[in-house]
Amino acid sequence: MPSKPVGTPASRRLPDTYVTQILNRISQRWLQVGYGGALALITVVLGVIAYRMMFSSFDIPDDDGYLLMSLRKFEAGGSLYGDVYSQYGPGVFVLLGGTLRIAGVALTSDGARMVNLALWLASTLLVGLVLLRLTRSFFVSAVGLVVAFLVLQVDANEPLHPGAAIGFLLIALVAAAVFLLPTRERAAMAAIGALAGALLSIKVNVGIFALVSTAFACATTMPFLRERRAVRIVTSTIFVALPFALLSAHLNQAWALRFAGIVSIGALALVLISTRLPVARVPALRGTAALVAGVLAVVAVVSLVPIFGGTSPSQLVDGWFIRPADTPDIQYTPLLVHPWAWVWAALGLAGAIAVSTLWGQPLDSRGHLMAGVVRIAAGLLIWTSLSGPIFDLPTDLTQGMVVGAPLMWIAAIGSQRHASHIIFLRILIPALAALQFLHAYPMPGSQLYWSNFLLVLVVGMCVSDGIDALTAVGMSWRPSFPGWRAIATVSVVAFGVWLGLKPLRAEVRQARANYTAGVSLNLPGAEKMRVPEALADQLQSLVGAIRTHCDTFLTLPGMNSLNIFSGEEPPVELSGPWPFFFTAGEQQRIVEEVKRTPRFCIVRKPDLTRFWAGFSGNSVPQRPLVRFIDEKFRLLHDFSGYRLLIRSS
């Protein structure tokens, strides 16, 4: 009688296919971990470039000086919107300022640049990791990471500006949804709500855009809300009409009508596609409660902290909501949107209508091939528009929005392989990007780049879907050939090569040249900054004269970095373009406070005043403090544009 073989009984053995699946899953997980490490390594390399860019420029309009002085005064116990003037919400002081205190970051020019450097690189890495999670493609993730780095280089121009924190919070919001859904639904929705609340607390308009986009995504994908037709119609209408409501004061001008129209057309196309998508499995109704709780928790914290610090509820409402709403009446700049942009927007909308009409019709291999090519082509076109000018039309400032808005609906379609929870993300990410374009109004400077930032994720989704489609077509033709996915990825690799050899290489060279040619500014709090030698001499001479002739001083317009460099506190806090924002009553109170101050000086920079006046009808309002400076002070010395004034008497 033959002996029985030693081993696991046949009835207890795992099927070979099951074991293979487990091993494949483990190997795929470790592969993704390796890809994540590679993305982190790329970010570290880019960090060297970012450091040189961040510390080789001086922000002449001096937003960082204004914010640093505001944070210093708030930290010293000043009441927000009472002792401390601010054009931003309380989140700048409670959330951002609190984080800086906990981290021990010095409120200096060097400290402000280190904060922006950290936010820039963290946002860049998060883009790569989110794309890796969504697409499982290293090449798509790596290229998207580099595009995001180039878009966010604007962080180097305005240290400590809330825009850098806004960019980070937006990608963090998306990351919370991508990494926590579906396994931790309530945590994901609570995090989304908290981050949207943080955006609202820093800049009201950006927070409202995020909340409306999130509400639209919930109403069109969540089973309970989607069944309520009225809820879906109301949220979709607000989502589409918001651009016109925001720009209502300027809709009599062609640029505003084009800007609002193109953003609205992009939102409308997304609404059309959302009606065709199946219902999402997650988040469920309980997720909305967590979402609302997250928003309310953050709003409560950033409201109570200033109130306990001496800010009255009326001051909080006025400084947080009312005064920012008046900004378009004080300063705005038309956005360059070429009239031909209407044609492109119409083509994008027509494509969405066609896809919505033909939804459910089976496609043959040629149809899938065409769909894959269109997705990749649309994605690479948008990425190119974000990386540099692509046509000789006066749309270079808005080309990302012009090219991307009418095509974002493509990212919402997805493919059959996506799980039901991905449907929510497919609407949420393009919806967030659609309304963030409005961040560029009313002042489209650096805000243009922050407003286009989320397009990077939308494109990554489009390109990945195109690669999946082309791979599937190839496998249907010849299943035994293993290289179809590599062939489908060639266009992305080619774009990445172009990106490295052209836009990125140009920035690397410029950053190296500026950093090498500069010298240390060598002023308190700005030892790491490297600027042209002439500018360093200019500022050092000015600061030396201030220390010699002045016990305290004010600047016209606000240039508070000079107070940090000189070590002399201003008698009152002034924002950057204060002549345009401070009312006659506020200016008169400042005059009464400083008119008898001994050894009181003024530093005036006429060209910077003219720069700000360009956003306000090219005129400076002749209010009490401006008249006081004009009538009661004389020139002591002109430091190549920085004029030191002392009392005429």
# chains A, B, ... in the order shown; residues from 1 in each chain; ligands from 1

call {"tool": "select_by_dssp", "arguments": {"residues": "range 464-639 of chain A", "states": "alpha helix (DSSP H)", "output": "ChimeraX atom specification"}}
result
/A:464-477,484-488,490-499,505-517,533-549,561-566,578-581,584-594,606-613,624-632

call {"tool": "atom_distance", "arguments": {"atom1": "CA of Gly91 in chain A", "atom2": "CA of Pro61 in chain A"}}
result
22.7 Å

call {"tool": "closest_residue", "arguments": {"among": "A:Cys550, A:Leu126, A:Ala148, A:Leu380", "to": "Met461 in chain A", "atoms": "only C-alpha atoms"}}
result
A:Leu380

call {"tool": "residues_around", "arguments": {"residues": "Ala187 in chain A", "least_positions_apart": "2", "cutoff": "9 Å", "atoms": "only C-alpha atoms", "output": "PyMOL selection string"}}
result
chain A and resi 176+180-181+184-185+189-192+287+290-291

call {"tool": "write_last_selection", "arguments": {"atoms": "C-alpha atoms", "output": "CSV table (one decimal), in the first residue's frame"}}
result
chain,number,residue,atom,x,y,z
A,176,ALA,CA,-8.4,63.2,1.6
A,180,LEU,CA,-9.8,57.8,2.5
A,181,LEU,CA,-12.7,56.7,0.3
A,184,ARG,CA,-13.1,55.5,5.8
A,185,GLU,CA,-16.1,57.3,4.4
A,189,MET,CA,-16.1,63.6,4.3
A,190,ALA,CA,-15.2,65.2,7.6
A,191,ALA,CA,-11.7,66.0,6.2
A,192,ILE,CA,-13.2,67.4,3.0
A,287,GLY,CA,-21.2,61.3,4.8
A,290,ALA,CA,-19.7,64.5,8.6
A,291,LEU,CA,-19.0,67.0,5.8

call {"tool": "residues_around", "arguments": {"residues": "Val234 in chain A", "least_positions_apart": "3", "cutoff": "12 Å", "atoms": "only C-alpha atoms", "output": "list of chain:residue names"}}
result
A:Val212, A:Ala215, A:Phe216, A:Ala219, A:Thr220, A:Leu225, A:Arg226, A:Arg228, A:Arg229, A:Ala230, A:Val231, A:Thr237, A:Ile238, A:Phe239, A:Val240, A:Ala241, A:Leu242, A:Val271

call {"tool": "write_last_selection", "arguments": {"atoms": "N, CA and C atoms", "output": "short mmCIF file (atom, residue, chain, number, x, y, z; two decimals), in the first residue's frame"}}
result
data_model
loop_
_atom_site.label_atom_id
_atom_site.label_comp_id
_atom_site.auth_asym_id
_atom_site.auth_seq_id
_atom_site.Cartn_x
_atom_site.Cartn_y
_atom_site.Cartn_z
N VAL A 212 -19.51 74.95 -3.03
CA VAL A 212 -20.50 74.76 -4.09
C VAL A 212 -20.13 73.56 -4.95
N ALA A 215 -20.88 70.41 -2.97
CA ALA A 215 -22.32 70.18 -2.90
C ALA A 215 -22.84 69.64 -4.23
N PHE A 216 -22.33 70.16 -5.33
CA PHE A 216 -22.75 69.67 -6.65
C PHE A 216 -22.35 68.20 -6.82
N ALA A 219 -24.72 66.08 -4.70
CA ALA A 219 -26.09 66.04 -5.20
C ALA A 219 -26.25 65.21 -6.46
N THR A 220 -25.20 65.11 -7.25
CA THR A 220 -25.31 64.40 -8.53
C THR A 220 -24.84 62.95 -8.47
N LEU A 225 -29.51 61.98 -2.37
CA LEU A 225 -29.67 63.33 -2.92
C LEU A 225 -30.01 63.29 -4.41
N ARG A 226 -29.44 62.34 -5.12
CA ARG A 226 -29.69 62.28 -6.56
C ARG A 226 -31.15 61.95 -6.86
N ARG A 228 -33.57 63.17 -5.28
CA ARG A 228 -34.33 64.40 -5.08
C ARG A 228 -34.05 65.33 -6.25
N ARG A 229 -34.92 65.33 -7.21
CA ARG A 229 -34.72 66.10 -8.43
C ARG A 229 -34.54 67.59 -8.15
N ALA A 230 -35.31 68.11 -7.21
CA ALA A 230 -35.22 69.54 -6.89
C ALA A 230 -33.83 69.89 -6.37
N VAL A 231 -33.29 69.03 -5.49
CA VAL A 231 -31.95 69.28 -4.95
C VAL A 231 -30.92 69.29 -6.07
N THR A 237 -27.85 74.42 -10.90
CA THR A 237 -28.07 75.80 -11.35
C THR A 237 -27.10 76.76 -10.69
N ILE A 238 -26.92 76.60 -9.38
CA ILE A 238 -25.94 77.45 -8.68
C ILE A 238 -24.55 77.22 -9.23
N PHE A 239 -24.20 75.98 -9.48
CA PHE A 239 -22.88 75.62 -9.99
C PHE A 239 -22.62 76.29 -11.34
N VAL A 240 -23.61 76.33 -12.21
CA VAL A 240 -23.44 76.91 -13.55
C VAL A 240 -23.55 78.44 -13.52
N ALA A 241 -24.43 78.97 -12.67
CA ALA A 241 -24.71 80.41 -12.69
C ALA A 241 -23.75 81.23 -11.84
N LEU A 242 -22.99 80.59 -10.95
CA LEU A 242 -22.12 81.33 -10.04
C LEU A 242 -21.15 82.28 -10.75
N VAL A 271 -22.21 69.24 -15.92
CA VAL A 271 -23.56 68.90 -15.46
C VAL A 271 -24.20 67.89 -16.42
#

call {"tool": "closest_atom_pairs", "arguments": {"of": "range 38-65 of chain A", "to": "range 569-588 of chain A", "cutoff": "10 Å", "atoms": "only C-alpha atoms", "output": "Markdown table"}}
result
| residue | atom | partner | partner_atom | distance |
| --- | --- | --- | --- | --- |
| A:Pro61 | CA | A:Gly576 | CA | 7.1 |
| A:Asp62 | CA | A:Gly576 | CA | 6.9 |
| A:Asp63 | CA | A:Gly576 | CA | 6.3 |
| A:Asp64 | CA | A:Gly576 | CA | 9.3 |
| A:Gly65 | CA | A:Gly576 | CA | 8.3 |

call {"tool": "closest_residue", "arguments": {"among": "A:Tyr35, A:Ser566, A:Val343, A:Phe600", "to": "Asp551 in chain A", "atoms": "only C-alpha atoms"}}
result
A:Phe600

call {"tool": "residues_around", "arguments": {"residues": "range 334-339 of chain A", "least_positions_apart": "2", "cutoff": "10 Å", "atoms": "only C-alpha atoms", "output": "PyMOL selection string"}}
result
chain A and resi 250+253-259+262+332+341-344+393-399+401-402+440-445+448+615

call {"tool": "residues_around", "arguments": {"residues": "Pro90 in chain A", "least_positions_apart": "4", "cutoff": "9 Å", "atoms": "only C-alpha atoms", "output": "CSV table (one decimal) with all heavy atoms, in the first residue's frame"}}
result
chain,number,residue,atom,x,y,z
A,80,LEU,N,-8.0,91.3,16.0
A,80,LEU,CA,-8.1,91.2,14.6
A,80,LEU,C,-9.3,92.1,14.1
A,80,LEU,O,-10.3,92.1,14.7
A,80,LEU,CB,-8.4,89.7,14.2
A,80,LEU,CG,-8.5,89.4,12.7
A,80,LEU,CD1,-7.2,89.8,12.0
A,80,LEU,CD2,-8.8,87.9,12.5
A,86,SER,N,-6.7,93.6,8.1
A,86,SER,CA,-6.4,92.5,7.1
A,86,SER,C,-7.5,92.4,6.0
A,86,SER,O,-8.7,92.7,6.3
A,86,SER,CB,-6.4,91.1,7.9
A,86,SER,OG,-6.2,90.1,6.9
A,94,VAL,N,-5.4,82.4,12.6
A,94,VAL,CA,-5.7,81.3,13.5
A,94,VAL,C,-5.0,80.0,13.0
A,94,VAL,O,-4.3,79.3,13.8
A,94,VAL,CB,-7.2,81.1,13.7
A,94,VAL,CG1,-7.5,79.9,14.6
A,94,VAL,CG2,-7.8,82.3,14.3
A,95,LEU,N,-5.2,79.7,11.7
A,95,LEU,CA,-4.7,78.4,11.2
A,95,LEU,C,-3.3,78.5,10.7
A,95,LEU,O,-2.4,77.8,11.2
A,95,LEU,CB,-5.6,77.9,10.1
A,95,LEU,CG,-7.1,77.7,10.4
A,95,LEU,CD1,-7.9,77.3,9.2
A,95,LEU,CD2,-7.3,76.7,11.5
A,201,SER,N,-12.2,80.2,5.6
A,201,SER,CA,-11.7,81.0,6.6
A,201,SER,C,-10.5,81.9,6.2
A,201,SER,O,-10.2,82.9,6.8
A,201,SER,CB,-11.3,80.2,7.9
A,201,SER,OG,-10.1,79.5,7.6
A,202,ILE,N,-9.9,81.5,5.1
A,202,ILE,CA,-8.7,82.2,4.6
A,202,ILE,C,-9.1,83.2,3.6
A,202,ILE,O,-8.8,84.4,3.6
A,202,ILE,CB,-7.6,81.3,4.1
A,202,ILE,CG1,-7.0,80.5,5.2
A,202,ILE,CG2,-6.6,82.0,3.3
A,202,ILE,CD1,-6.0,79.4,4.8
A,203,LYS,N,-9.9,82.7,2.6
A,203,LYS,CA,-10.4,83.6,1.5
A,203,LYS,C,-11.8,83.2,1.2
A,203,LYS,O,-12.0,82.1,0.7
A,203,LYS,CB,-9.5,83.5,0.3
A,203,LYS,CG,-9.4,84.8,-0.5
A,203,LYS,CD,-8.3,84.7,-1.5
A,203,LYS,CE,-8.2,86.1,-2.3
A,203,LYS,NZ,-7.2,86.0,-3.3
A,302,VAL,N,-12.1,79.2,14.1
A,302,VAL,CA,-11.5,80.5,13.6
A,302,VAL,C,-12.4,81.7,13.9
A,302,VAL,O,-11.9,82.8,13.8
A,302,VAL,CB,-11.3,80.4,12.0
A,302,VAL,CG1,-10.3,79.3,11.7
A,302,VAL,CG2,-12.6,80.2,11.3
A,303,SER,N,-13.6,81.5,14.3
A,303,SER,CA,-14.4,82.6,14.8
A,303,SER,C,-14.2,82.9,16.3
A,303,SER,O,-14.1,84.1,16.7
A,303,SER,CB,-15.9,82.3,14.6
A,303,SER,OG,-16.2,82.0,13.2
A,305,VAL,N,-11.6,82.2,18.3
A,305,VAL,CA,-10.3,82.6,18.7
A,305,VAL,C,-10.1,84.1,18.6
A,305,VAL,O,-9.7,84.8,19.5
A,305,VAL,CB,-9.2,81.9,17.9
A,305,VAL,CG1,-7.8,82.5,18.1
A,305,VAL,CG2,-9.1,80.4,18.3
A,306,PRO,N,-10.5,84.8,17.5
A,306,PRO,CA,-10.4,86.2,17.4
A,306,PRO,C,-11.4,86.9,18.4
A,306,PRO,O,-11.0,88.0,19.0
A,306,PRO,CB,-10.8,86.6,16.0
A,306,PRO,CG,-10.6,85.3,15.2
A,306,PRO,CD,-10.9,84.2,16.2
A,316,LEU,N,-15.8,91.0,13.2
A,316,LEU,CA,-15.5,89.7,12.5
A,316,LEU,C,-16.2,89.6,11.2
A,316,LEU,O,-15.7,89.2,10.2
A,316,LEU,CB,-15.8,88.6,13.5
A,316,LEU,CG,-15.4,87.2,13.0
A,316,LEU,CD1,-13.8,87.1,12.8
A,316,LEU,CD2,-15.9,86.1,13.9
A,319,GLY,N,-14.9,92.3,8.6
A,319,GLY,CA,-13.6,92.0,8.1
A,319,GLY,C,-13.5,90.7,7.3
A,319,GLY,O,-12.7,90.6,6.4
A,320,TRP,N,-14.3,89.7,7.7
A,320,TRP,CA,-14.3,88.4,7.0
A,320,TRP,C,-15.1,88.4,5.8
A,320,TRP,O,-14.7,87.8,4.8
A,320,TRP,CB,-14.8,87.4,8.0
A,320,TRP,CG,-14.6,85.9,7.7
A,320,TRP,CD1,-14.2,85.4,6.5
A,320,TRP,CD2,-14.9,84.8,8.5
A,320,TRP,NE1,-14.1,84.1,6.5
A,320,TRP,CE2,-14.6,83.7,7.7
A,320,TRP,CE3,-15.3,84.7,9.8
A,320,TRP,CZ2,-14.7,82.4,8.2
A,320,TRP,CZ3,-15.5,83.4,10.3
A,320,TRP,CH2,-15.2,82.2,9.5

call {"tool": "closest_residue", "arguments": {"among": "A:Tyr515, A:Trp120, A:Trp359, A:Phe495", "to": "Met53 in chain A", "atoms": "only C-alpha atoms"}}
result
A:Tyr515

call {"tool": "atom_distance", "arguments": {"atom1": "CA of Leu121 in chain A", "atom2": "CA of Leu31 in chain A"}}
result
23.1 Å

call {"tool": "residues_around", "arguments": {"residues": "Val403 in chain A", "least_positions_apart": "5", "cutoff": "8 Å", "atoms": "only C-alpha atoms", "output": "VMD selection string"}}
result
chain A and resid 344 381 to 382 385

call {"tool": "atom_distance", "arguments": {"atom1": "CA of Arg375 in chain A", "atom2": "CA of Gly483 in chain A"}}
result
20.2 Å

call {"tool": "closest_residue", "arguments": {"among": "A:Ala411, A:Val373, A:Cys601, A:Val44", "to": "Thr489 in chain A", "atoms": "only C-alpha atoms"}}
result
A:Val373

call {"tool": "decode", "arguments": {"residues": "range 54-67 of chain A", "atoms": "all heavy atoms", "output": "CSV table (one decimal), in the first residue's frame"}}
result
chain,number,residue,atom,x,y,z
A,54,MET,N,13.2,80.7,-4.7
A,54,MET,CA,12.5,81.3,-3.6
A,54,MET,C,13.4,82.4,-2.9
A,54,MET,O,12.9,83.4,-2.5
A,54,MET,CB,12.1,80.2,-2.6
A,54,MET,CG,11.3,80.7,-1.4
A,54,MET,SD,9.6,81.1,-2.0
A,54,MET,CE,8.9,79.5,-2.4
A,55,PHE,N,14.7,82.1,-2.9
A,55,PHE,CA,15.6,83.0,-2.2
A,55,PHE,C,16.5,83.9,-3.1
A,55,PHE,O,17.5,84.4,-2.7
A,55,PHE,CB,16.5,82.2,-1.3
A,55,PHE,CG,15.8,81.7,0.0
A,55,PHE,CD1,15.2,80.5,0.0
A,55,PHE,CD2,15.7,82.5,1.1
A,55,PHE,CE1,14.5,80.0,1.1
A,55,PHE,CE2,15.0,82.1,2.2
A,55,PHE,CZ,14.4,80.8,2.2
A,56,SER,N,16.0,84.1,-4.4
A,56,SER,CA,16.8,85.0,-5.3
A,56,SER,C,15.9,86.1,-5.8
A,56,SER,O,16.2,86.6,-6.9
A,56,SER,CB,17.4,84.1,-6.4
A,56,SER,OG,16.3,83.5,-7.2
A,57,SER,N,14.9,86.4,-5.1
A,57,SER,CA,14.0,87.5,-5.5
A,57,SER,C,13.5,88.3,-4.3
A,57,SER,O,13.4,87.7,-3.2
A,57,SER,CB,12.8,87.0,-6.3
A,57,SER,OG,12.0,86.2,-5.6
A,58,PHE,N,13.2,89.6,-4.5
A,58,PHE,CA,12.6,90.4,-3.5
A,58,PHE,C,11.3,90.9,-4.0
A,58,PHE,O,11.2,91.5,-5.1
A,58,PHE,CB,13.6,91.6,-3.2
A,58,PHE,CG,13.0,92.5,-2.1
A,58,PHE,CD1,12.8,92.1,-0.8
A,58,PHE,CD2,12.6,93.8,-2.5
A,58,PHE,CE1,12.3,93.0,0.1
A,58,PHE,CE2,12.1,94.7,-1.6
A,58,PHE,CZ,11.9,94.3,-0.3
A,59,ASP,N,10.2,90.7,-3.2
A,59,ASP,CA,8.9,91.1,-3.7
A,59,ASP,C,8.7,92.6,-3.4
A,59,ASP,O,8.4,93.0,-2.3
A,59,ASP,CB,7.9,90.3,-2.8
A,59,ASP,CG,6.4,90.6,-3.2
A,59,ASP,OD1,6.2,91.0,-4.4
A,59,ASP,OD2,5.6,90.5,-2.3
A,60,ILE,N,8.8,93.4,-4.5
A,60,ILE,CA,8.7,94.8,-4.4
A,60,ILE,C,7.4,95.3,-3.9
A,60,ILE,O,7.3,96.1,-3.0
A,60,ILE,CB,9.0,95.5,-5.8
A,60,ILE,CG1,10.4,95.1,-6.2
A,60,ILE,CG2,8.8,97.0,-5.7
A,60,ILE,CD1,11.5,95.7,-5.3
A,61,PRO,N,6.2,94.7,-4.4
A,61,PRO,CA,4.9,95.1,-3.7
A,61,PRO,C,4.8,94.8,-2.3
A,61,PRO,O,4.0,95.3,-1.5
A,61,PRO,CB,3.9,94.4,-4.6
A,61,PRO,CG,4.6,94.2,-5.9
A,61,PRO,CD,6.0,94.0,-5.6
A,62,ASP,N,5.6,93.8,-1.8
A,62,ASP,CA,5.8,93.5,-0.4
A,62,ASP,C,4.6,93.0,0.3
A,62,ASP,O,4.2,93.4,1.4
A,62,ASP,CB,6.3,94.8,0.3
A,62,ASP,CG,7.1,94.5,1.6
A,62,ASP,OD1,7.5,93.3,1.8
A,62,ASP,OD2,7.2,95.4,2.5
A,63,ASP,N,3.9,92.0,-0.3
A,63,ASP,CA,2.8,91.4,0.4
A,63,ASP,C,3.3,90.6,1.6
A,63,ASP,O,2.6,90.5,2.6
A,63,ASP,CB,2.1,90.4,-0.6
A,63,ASP,CG,1.2,91.1,-1.5
A,63,ASP,OD1,0.7,92.2,-1.2
A,63,ASP,OD2,0.9,90.5,-2.6
A,64,ASP,N,4.5,90.1,1.5
A,64,ASP,CA,5.0,89.3,2.7
A,64,ASP,C,5.2,90.2,3.9
A,64,ASP,O,5.0,89.8,5.0
A,64,ASP,CB,6.3,88.5,2.3
A,64,ASP,CG,7.4,89.4,1.7
A,64,ASP,OD1,7.0,90.3,1.0
A,64,ASP,OD2,8.6,89.0,1.9
A,65,GLY,N,5.7,91.4,3.6
A,65,GLY,CA,5.9,92.4,4.7
A,65,GLY,C,4.6,92.7,5.4
A,65,GLY,O,4.5,92.8,6.7
A,66,TYR,N,3.6,93.0,4.6
A,66,TYR,CA,2.3,93.3,5.2
A,66,TYR,C,1.7,92.1,6.0
A,66,TYR,O,1.2,92.3,7.1
A,66,TYR,CB,1.3,93.6,4.0
A,66,TYR,CG,-0.1,93.4,4.2
A,66,TYR,CD1,-0.8,93.8,5.3
A,66,TYR,CD2,-0.9,92.7,3.2
A,66,TYR,CE1,-2.2,93.6,5.5
A,66,TYR,CE2,-2.2,92.5,3.4
A,66,TYR,CZ,-2.9,92.9,4.5
A,66,TYR,OH,-4.2,92.7,4.7
A,67,LEU,N,1.8,90.9,5.5
A,67,LEU,CA,1.3,89.8,6.3
A,67,LEU,C,2.2,89.5,7.5
A,67,LEU,O,1.6,89.1,8.5
A,67,LEU,CB,1.3,88.5,5.3
A,67,LEU,CG,0.1,88.6,4.3
A,67,LEU,CD1,0.4,87.6,3.2
A,67,LEU,CD2,-1.2,88.3,5.0
